[in-house]
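Here the structure is laid out as structure tokens; the discussion comes afterwards.
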Amino acid sequence: MSDRIYARYLVETADDPRRAVEVMAGEQSSGTFVAVPGETPELKARAGARVERLTPLEDVPAPSLPGAKKGTAYHRCEVELSWPIANLGPSLPNLVATVAGNLFELQQFSGLRILDIDLPPAFAARYQGPQFGIEGTRRLSGVASGPLIGTIVKPSVGLSPEGTADLVEVLAKGGIDFIKDDELQADGEYCPFEARARAVMAVIDRHADATGKRIMYAHNVTGDLDEMRRRHDLVAALGGTCIMASLNSVGLVGMIELRRHAQLPIHAHRNGWGYLSRHPLLGWSYPAWSKLWRLAGADHMHVNGLRNKFSEPDDSVIVSAKSLQTPMFDDRPCIAMPVFSSGQAAGQAGDTYRALGNADLIYAAGGGIMAHPGGAAAGVASLRQAWDAAMSGVALTEHARSHRELEVALEALAR
């Protein structure tokens with residue numbers, strides 16, 4: 001394999017595309033806005049970024065973003081740059097500075113988005129990647145096949161530790177596989193982390209003793225590095241099987257260090273993803289961005305869901321989920337389990353299964369479980385019945401005729 005780093009971009013410029021892209025390559029390697037004596041031809045050949053490919057696409061009459069040089073037409077292109085790994089070493093924080101540093105501010109561009117990155121094996125040798133991934137998550141949760149049916153504690157905030165534990169007990173009796181803290185639930189006055197973790201794990205222990213099933217609960221450990229370590233250790237001591245961290249809050253270094261310390265799966269929440277991605281000519285694609293976090297050690301990553309409550313289209317959701325299941329390196333796949341959430345219910349199960357092509361996922365429904373007219377246990381049953389239908393190739397409405405919880409869920413969705 002190559003010892004170079006490759007990044008692919010979608011760009012938009014009123015300038016000559018070749019000239020603009022050369023500026024881009026120079027800015028992110030050996031060049032600056034004027035020629036400097038030290039940038040000799042030999043140094044540039046050794047350390048400069050290379051333009052590997054430039055493919056013209058369409059022209060548009062107006063700029064997508066403000067602040068760029070004006071022109072009569074704005075040219076969109078796909079471009080691939082590469083850098084020698086010797087410039088930075090196998091370092092994720094410095095990789096971000098290289099492939100996504102000052103590029104977004106260059107006047108030459110009225111649009112710039114990172115589409116994908118490919119990394120040399122030295123990154124796989126340095127970073128641990130997912131510790132559990134799909135296989136380990138199935139082992140710890142006891143779910144050998146099909147999706148993990150999951151939910152989020154709702155209300156997101158406001159419940160006491162005891163109130164949270166009461167809800168977990170209802171969900172446990174309903175047959176849930178996976179529960180997560182909401183990302184807003186941290187270590188506040190009304191629901192301190194330690195008290196909540198102890199109350200929740202007491203319920204999970206009793207349920208495991210009675211049934212043999214240990215529910216996977218993702219405790220939100222997001223915080224300063226020492227706080228995350230302490231919280232992880234408490235969860236592990238209590239017999240927990242998962243922790244959660246908010247990626248954009250803890251940052252790459254926080255995630256890397258958490259993974260080095262962790263003995264439990266890390267459920268990675270992507271809250272804040274919209275400000276990195278929502279404009280189609282700015283920011284990151286999910287396949288590129290998620291590679292950073294997979295290498296850093298995320299075992300599960302959120303991908304949104306079909307017909308979600310946010311702005312992301314369905315095809316983007318599926319591309320994101322498939323990317324997590326696509327190996328990054330020949331000998332270190334770094335595969336993470338996709339988490340479908342955000343407005344999910346029984347109605348999306350079949351389309352999700354057919355579009356993804358497998359059931360190696362966590363299917364997390366908040367309102368889809370909690371708001372079921374028959375209660376949370378019926379909500380869990382409706383999701384499981386919907387997935388059984390999907391994986392058996394049976395039409396959802398046909399399956400609902402003999403499964404009351406699913407029938408009621410579909411009736412509620414139709415209102």
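Each chain in the structure tokens gets a letter, A, B, ..., in the order shown, and its residues are numbered from 1; ligands are numbered from 1 in order too.
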Item to check | All residues 12 Å or closer to A:Asp233, only C-alpha atoms, same chain fewer than 5 positions away omitted, as JSON, numbers by chain | outcome: {"A": [194, 197, 219, 221, 226, 227, 228, 238, 239, 240, 241, 242, 243, 258, 261, 262, 263, 264]}
Would you mind exporting C-alpha atoms of the selected residues as a compact mmCIF listing (two decimals), in the first residue's frame?
```txt
# COMPACT_ATOMS: atom_id res chain seq x y z
CA GLU A 194 -22.86 8.10 40.08
CA ALA A 197 -25.38 4.60 37.30
CA HIS A 219 -23.86 5.43 30.34
CA VAL A 221 -19.46 9.52 30.53
CA ASP A 226 -10.17 12.33 34.17
CA GLU A 227 -13.95 12.45 34.66
CA MET A 228 -14.46 10.07 31.76
CA LEU A 238 -20.88 -2.04 38.67
CA GLY A 239 -20.95 -4.70 35.94
CA GLY A 240 -21.96 -2.37 33.11
CA THR A 241 -21.27 -3.31 29.52
CA CYS A 242 -21.16 0.03 27.66
CA ILE A 243 -20.25 3.71 27.96
CA LEU A 258 -10.77 7.15 26.44
CA HIS A 261 -8.32 3.37 29.04
CA ALA A 262 -11.60 1.63 28.26
CA GLN A 263 -12.45 -2.00 28.92
CA LEU A 264 -16.04 -1.51 27.69
```
Next on the checklist: If we count only C-alpha atoms and set the cut-off at 6 Å, which residues sit around A:Gly133, ignoring sequence neighbours fewer than 5 positions away in its own chain? Please answer as a list in words.
Outcome noted: Asp299, Ala336 and Met337 of chain A
Item to check | Members of stretch 243-375 of chain A assigned strand (DSSP E) by DSSP, as number ranges by chain | outcome: A: 243-246, 266-269, 282-284, 300-304, 337-340, 362-364
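The two atoms in question, atom CA of A:Gly101 and atom CA of A:Ala86, are spaced 17.6 Å apart.
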Item to check | stretch 309-316 of chain A surroundings by only C-alpha atoms, 8 Å radius, close-in-sequence under 3 positions cut, as an MDAnalysis selection string | outcome: chainID A and resid 278 304:306 319:320 342:343
How would the residues just picked look written out with C-alpha atoms as a PDB file, in the first residue's frame?
```
ATOM      1  CA  ARG A 278     -25.616  20.247   6.510  1.00  0.00           C
ATOM      2  CA  ASN A 304     -29.539   9.024  11.871  1.00  0.00           C
ATOM      3  CA  GLY A 305     -32.401   6.956  10.421  1.00  0.00           C
ATOM      4  CA  LEU A 306     -34.785   6.623   7.495  1.00  0.00           C
ATOM      5  CA  VAL A 319     -24.324   5.548   2.717  1.00  0.00           C
ATOM      6  CA  SER A 320     -23.198   6.475   6.231  1.00  0.00           C
ATOM      7  CA  SER A 342     -34.002   9.999  15.404  1.00  0.00           C
ATOM      8  CA  GLY A 343     -37.688   9.427  14.816  1.00  0.00           C
TER       9      GLY A 343
END
```
Next on the checklist: Between A:Glu257, A:Glu12, A:Glu405, A:Glu42, which residue has the minimum interatomic distance to A:Gly111, considering only C-alpha atoms?
Outcome noted: A:Glu12
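You can rank A:Ala208, A:Trp284, A:Glu78, A:Glu52 by their closest distance to A:Glu169 using only C-alpha atoms, and at the top of that list sits A:Ala208.
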Item to check | Among the residues A:Ser323, A:Ser29, A:Arg4, A:Arg139, the one that comes closest to A:Gly89 [using only C-alpha atoms] | outcome: A:Arg4
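Residues with any atom within 9 Å of A:Thr98, counting only C-alpha atoms and excluding same-chain neighbours fewer than 3 positions away, are Gln28, Ser29, Trp83, Leu88, Pro93, Asn94, Leu95, Gly101 and Asn102 of chain A.
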Give me, as a PDB file with N, CA and C atoms, in the first residue's frame, all polymer residues having an atom no more than 12 Å from A:Lys291, counting only C-alpha atoms and skipping those fewer than 2 positions away in the same chain.
```pdb
ATOM      1  N   LEU A  92      -3.710  11.371  14.138  1.00  0.00           N
ATOM      2  CA  LEU A  92      -5.065  11.802  13.776  1.00  0.00           C
ATOM      3  C   LEU A  92      -5.278  13.302  13.980  1.00  0.00           C
ATOM      4  N   LEU A  95      -3.570  14.939  11.190  1.00  0.00           N
ATOM      5  CA  LEU A  95      -4.242  14.611   9.938  1.00  0.00           C
ATOM      6  C   LEU A  95      -5.369  15.602   9.671  1.00  0.00           C
ATOM      7  N   VAL A  96      -6.159  15.897  10.695  1.00  0.00           N
ATOM      8  CA  VAL A  96      -7.265  16.849  10.523  1.00  0.00           C
ATOM      9  C   VAL A  96      -6.732  18.221  10.125  1.00  0.00           C
ATOM     10  N   LEU A 115     -14.883  14.577   0.822  1.00  0.00           N
ATOM     11  CA  LEU A 115     -15.707  13.434   0.442  1.00  0.00           C
ATOM     12  C   LEU A 115     -15.199  12.122   1.030  1.00  0.00           C
ATOM     13  N   ASP A 116     -13.880  11.949   1.073  1.00  0.00           N
ATOM     14  CA  ASP A 116     -13.343  10.703   1.625  1.00  0.00           C
ATOM     15  C   ASP A 116     -11.859  10.876   1.895  1.00  0.00           C
ATOM     16  N   ILE A 117     -11.329  10.006   2.726  1.00  0.00           N
ATOM     17  CA  ILE A 117      -9.898   9.966   2.992  1.00  0.00           C
ATOM     18  C   ILE A 117      -9.446   8.508   2.979  1.00  0.00           C
ATOM     19  N   ASP A 118      -8.213   8.278   2.537  1.00  0.00           N
ATOM     20  CA  ASP A 118      -7.590   6.963   2.576  1.00  0.00           C
ATOM     21  C   ASP A 118      -6.238   7.113   3.243  1.00  0.00           C
ATOM     22  N   LEU A 119      -5.970   6.223   4.201  1.00  0.00           N
ATOM     23  CA  LEU A 119      -4.808   6.373   5.054  1.00  0.00           C
ATOM     24  C   LEU A 119      -3.864   5.196   4.903  1.00  0.00           C
ATOM     25  N   PHE A 123      -1.290   4.292  10.231  1.00  0.00           N
ATOM     26  CA  PHE A 123      -2.373   4.755  11.121  1.00  0.00           C
ATOM     27  C   PHE A 123      -3.003   3.569  11.852  1.00  0.00           C
ATOM     28  N   ALA A 124      -3.180   2.463  11.143  1.00  0.00           N
ATOM     29  CA  ALA A 124      -3.749   1.278  11.782  1.00  0.00           C
ATOM     30  C   ALA A 124      -2.800   0.720  12.829  1.00  0.00           C
ATOM     31  N   TYR A 127      -3.133   3.392  16.035  1.00  0.00           N
ATOM     32  CA  TYR A 127      -4.395   3.572  16.747  1.00  0.00           C
ATOM     33  C   TYR A 127      -5.113   2.238  16.918  1.00  0.00           C
ATOM     34  N   GLY A 129      -8.418   1.477  17.247  1.00  0.00           N
ATOM     35  CA  GLY A 129      -9.673   1.186  16.574  1.00  0.00           C
ATOM     36  C   GLY A 129     -10.703   0.600  17.522  1.00  0.00           C
ATOM     37  N   PRO A 130     -11.840   0.144  17.003  1.00  0.00           N
ATOM     38  CA  PRO A 130     -12.886  -0.417  17.862  1.00  0.00           C
ATOM     39  C   PRO A 130     -12.391  -1.641  18.630  1.00  0.00           C
ATOM     40  N   LEU A 252     -11.037  14.544  19.309  1.00  0.00           N
ATOM     41  CA  LEU A 252     -10.276  13.363  18.912  1.00  0.00           C
ATOM     42  C   LEU A 252      -9.346  12.873  20.016  1.00  0.00           C
ATOM     43  N   TRP A 284     -17.798  18.106   5.854  1.00  0.00           N
ATOM     44  CA  TRP A 284     -17.367  16.715   5.716  1.00  0.00           C
ATOM     45  C   TRP A 284     -18.502  15.831   5.216  1.00  0.00           C
ATOM     46  N   SER A 285     -18.140  14.788   4.487  1.00  0.00           N
ATOM     47  CA  SER A 285     -19.064  13.674   4.293  1.00  0.00           C
ATOM     48  C   SER A 285     -18.900  12.745   5.488  1.00  0.00           C
ATOM     49  N   TYR A 286     -19.957  11.998   5.798  1.00  0.00           N
ATOM     50  CA  TYR A 286     -19.881  11.089   6.947  1.00  0.00           C
ATOM     51  C   TYR A 286     -18.835   9.983   6.753  1.00  0.00           C
ATOM     52  N   PRO A 287     -18.732   9.358   5.570  1.00  0.00           N
ATOM     53  CA  PRO A 287     -17.715   8.310   5.418  1.00  0.00           C
ATOM     54  C   PRO A 287     -16.302   8.796   5.741  1.00  0.00           C
ATOM     55  N   ALA A 288     -15.979  10.032   5.375  1.00  0.00           N
ATOM     56  CA  ALA A 288     -14.647  10.558   5.694  1.00  0.00           C
ATOM     57  C   ALA A 288     -14.518  10.853   7.179  1.00  0.00           C
ATOM     58  N   TRP A 289     -15.484  11.570   7.733  1.00  0.00           N
ATOM     59  CA  TRP A 289     -15.429  11.991   9.143  1.00  0.00           C
ATOM     60  C   TRP A 289     -15.423  10.796  10.085  1.00  0.00           C
ATOM     61  N   TRP A 293     -13.034   8.641  13.787  1.00  0.00           N
ATOM     62  CA  TRP A 293     -13.544   8.142  15.067  1.00  0.00           C
ATOM     63  C   TRP A 293     -13.473   6.620  15.156  1.00  0.00           C
ATOM     64  N   ARG A 294     -13.589   5.949  14.027  1.00  0.00           N
ATOM     65  CA  ARG A 294     -13.411   4.507  14.031  1.00  0.00           C
ATOM     66  C   ARG A 294     -11.974   4.161  14.431  1.00  0.00           C
ATOM     67  N   LEU A 295     -11.015   4.853  13.847  1.00  0.00           N
ATOM     68  CA  LEU A 295      -9.627   4.633  14.225  1.00  0.00           C
ATOM     69  C   LEU A 295      -9.387   4.979  15.688  1.00  0.00           C
ATOM     70  N   ALA A 296     -10.032   6.054  16.147  1.00  0.00           N
ATOM     71  CA  ALA A 296      -9.853   6.485  17.530  1.00  0.00           C
ATOM     72  C   ALA A 296     -10.435   5.487  18.521  1.00  0.00           C
ATOM     73  N   GLY A 297     -11.438   4.693  18.090  1.00  0.00           N
ATOM     74  CA  GLY A 297     -11.920   3.633  18.969  1.00  0.00           C
ATOM     75  C   GLY A 297     -13.408   3.514  19.164  1.00  0.00           C
ATOM     76  N   ALA A 298     -14.221   4.144  18.328  1.00  0.00           N
ATOM     77  CA  ALA A 298     -15.674   4.038  18.478  1.00  0.00           C
ATOM     78  C   ALA A 298     -16.155   2.646  18.084  1.00  0.00           C
ATOM     79  N   ASP A 299     -16.960   2.029  18.947  1.00  0.00           N
ATOM     80  CA  ASP A 299     -17.547   0.723  18.647  1.00  0.00           C
ATOM     81  C   ASP A 299     -18.907   0.848  17.970  1.00  0.00           C
ATOM     82  N   MET A 301     -21.592   3.900  16.185  1.00  0.00           N
ATOM     83  CA  MET A 301     -21.693   5.297  15.749  1.00  0.00           C
ATOM     84  C   MET A 301     -23.085   5.581  15.196  1.00  0.00           C
ATOM     85  N   SER A 320     -23.927   6.360   4.966  1.00  0.00           N
ATOM     86  CA  SER A 320     -23.198   6.475   6.231  1.00  0.00           C
ATOM     87  C   SER A 320     -23.103   5.129   6.927  1.00  0.00           C
ATOM     88  N   SER A 323     -20.815   2.710   5.211  1.00  0.00           N
ATOM     89  CA  SER A 323     -19.412   3.079   5.346  1.00  0.00           C
ATOM     90  C   SER A 323     -18.824   2.543   6.645  1.00  0.00           C
ATOM     91  N   LEU A 324     -19.609   2.506   7.728  1.00  0.00           N
ATOM     92  CA  LEU A 324     -19.118   1.991   9.001  1.00  0.00           C
ATOM     93  C   LEU A 324     -18.825   0.507   8.935  1.00  0.00           C
ATOM     94  N   GLN A 325     -19.519  -0.202   8.057  1.00  0.00           N
ATOM     95  CA  GLN A 325     -19.339  -1.647   7.917  1.00  0.00           C
ATOM     96  C   GLN A 325     -18.335  -2.011   6.825  1.00  0.00           C
ATOM     97  N   THR A 326     -17.699  -0.998   6.226  1.00  0.00           N
ATOM     98  CA  THR A 326     -16.710  -1.220   5.173  1.00  0.00           C
ATOM     99  C   THR A 326     -15.306  -1.176   5.771  1.00  0.00           C
ATOM    100  N   PRO A 327     -14.499  -2.223   5.592  1.00  0.00           N
ATOM    101  CA  PRO A 327     -13.156  -2.239   6.195  1.00  0.00           C
ATOM    102  C   PRO A 327     -12.297  -1.063   5.740  1.00  0.00           C
ATOM    103  N   MET A 328     -11.488  -0.543   6.666  1.00  0.00           N
ATOM    104  CA  MET A 328     -10.576   0.559   6.356  1.00  0.00           C
ATOM    105  C   MET A 328      -9.215   0.057   5.890  1.00  0.00           C
ATOM    106  N   PHE A 329      -8.773  -1.075   6.423  1.00  0.00           N
ATOM    107  CA  PHE A 329      -7.464  -1.632   6.094  1.00  0.00           C
ATOM    108  C   PHE A 329      -7.619  -3.132   5.872  1.00  0.00           C
ATOM    109  N   PRO A 333      -9.885  -4.095   9.995  1.00  0.00           N
ATOM    110  CA  PRO A 333     -11.084  -3.541   9.347  1.00  0.00           C
ATOM    111  C   PRO A 333     -11.644  -2.300  10.012  1.00  0.00           C
ATOM    112  N   CYS A 334     -11.488  -2.150  11.344  1.00  0.00           N
ATOM    113  CA  CYS A 334     -12.023  -0.980  12.059  1.00  0.00           C
ATOM    114  C   CYS A 334     -13.509  -0.773  11.766  1.00  0.00           C
ATOM    115  N   ILE A 335     -14.264  -1.865  11.814  1.00  0.00           N
ATOM    116  CA  ILE A 335     -15.702  -1.794  11.538  1.00  0.00           C
ATOM    117  C   ILE A 335     -16.450  -1.420  12.814  1.00  0.00           C
ATOM    118  N   ALA A 336     -17.363  -0.478  12.691  1.00  0.00           N
ATOM    119  CA  ALA A 336     -18.206  -0.062  13.813  1.00  0.00           C
ATOM    120  C   ALA A 336     -19.660  -0.419  13.521  1.00  0.00           C
TER     121      ALA A 336
END
```
Next on the checklist: Applying 10 Å and only C-alpha atoms, which residues near A:Gly71 remain after dropping the ones on its own chain fewer than 3 positions away? List them as a list in words.
Outcome noted: Thr13, Ala14, Asp15, Pro61, Ala62, Pro63, Ala68, Tyr74 and His75 of chain A
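Nearest-residue note for A:Ser392: choosing from A:Val23, A:Ile176, A:Ala359, A:Ala45, the minimum distance belongs to A:Ala359, counting only C-alpha atoms.
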Item to check | Interatomic distance (Å, one decimal) between atom CA of A:Ala321 and atom CA of A:Phe132 | outcome: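 Rounded to one decimal, the two atoms are 17.2 Å apart.
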Checklist entry - Among stretch 192-303 of chain A, which ones does DSSP place in helix (DSSP H, G or I), written as a ChimeraX atom specification? => result /A:193-211,225-237,247-261,274-277,286-296
Item to check | Selection: 7 Å around A:Ala122, only C-alpha atoms, excl. self and same-chain fewer than 3 positions, as number ranges by chain | outcome: A: 90, 125-126
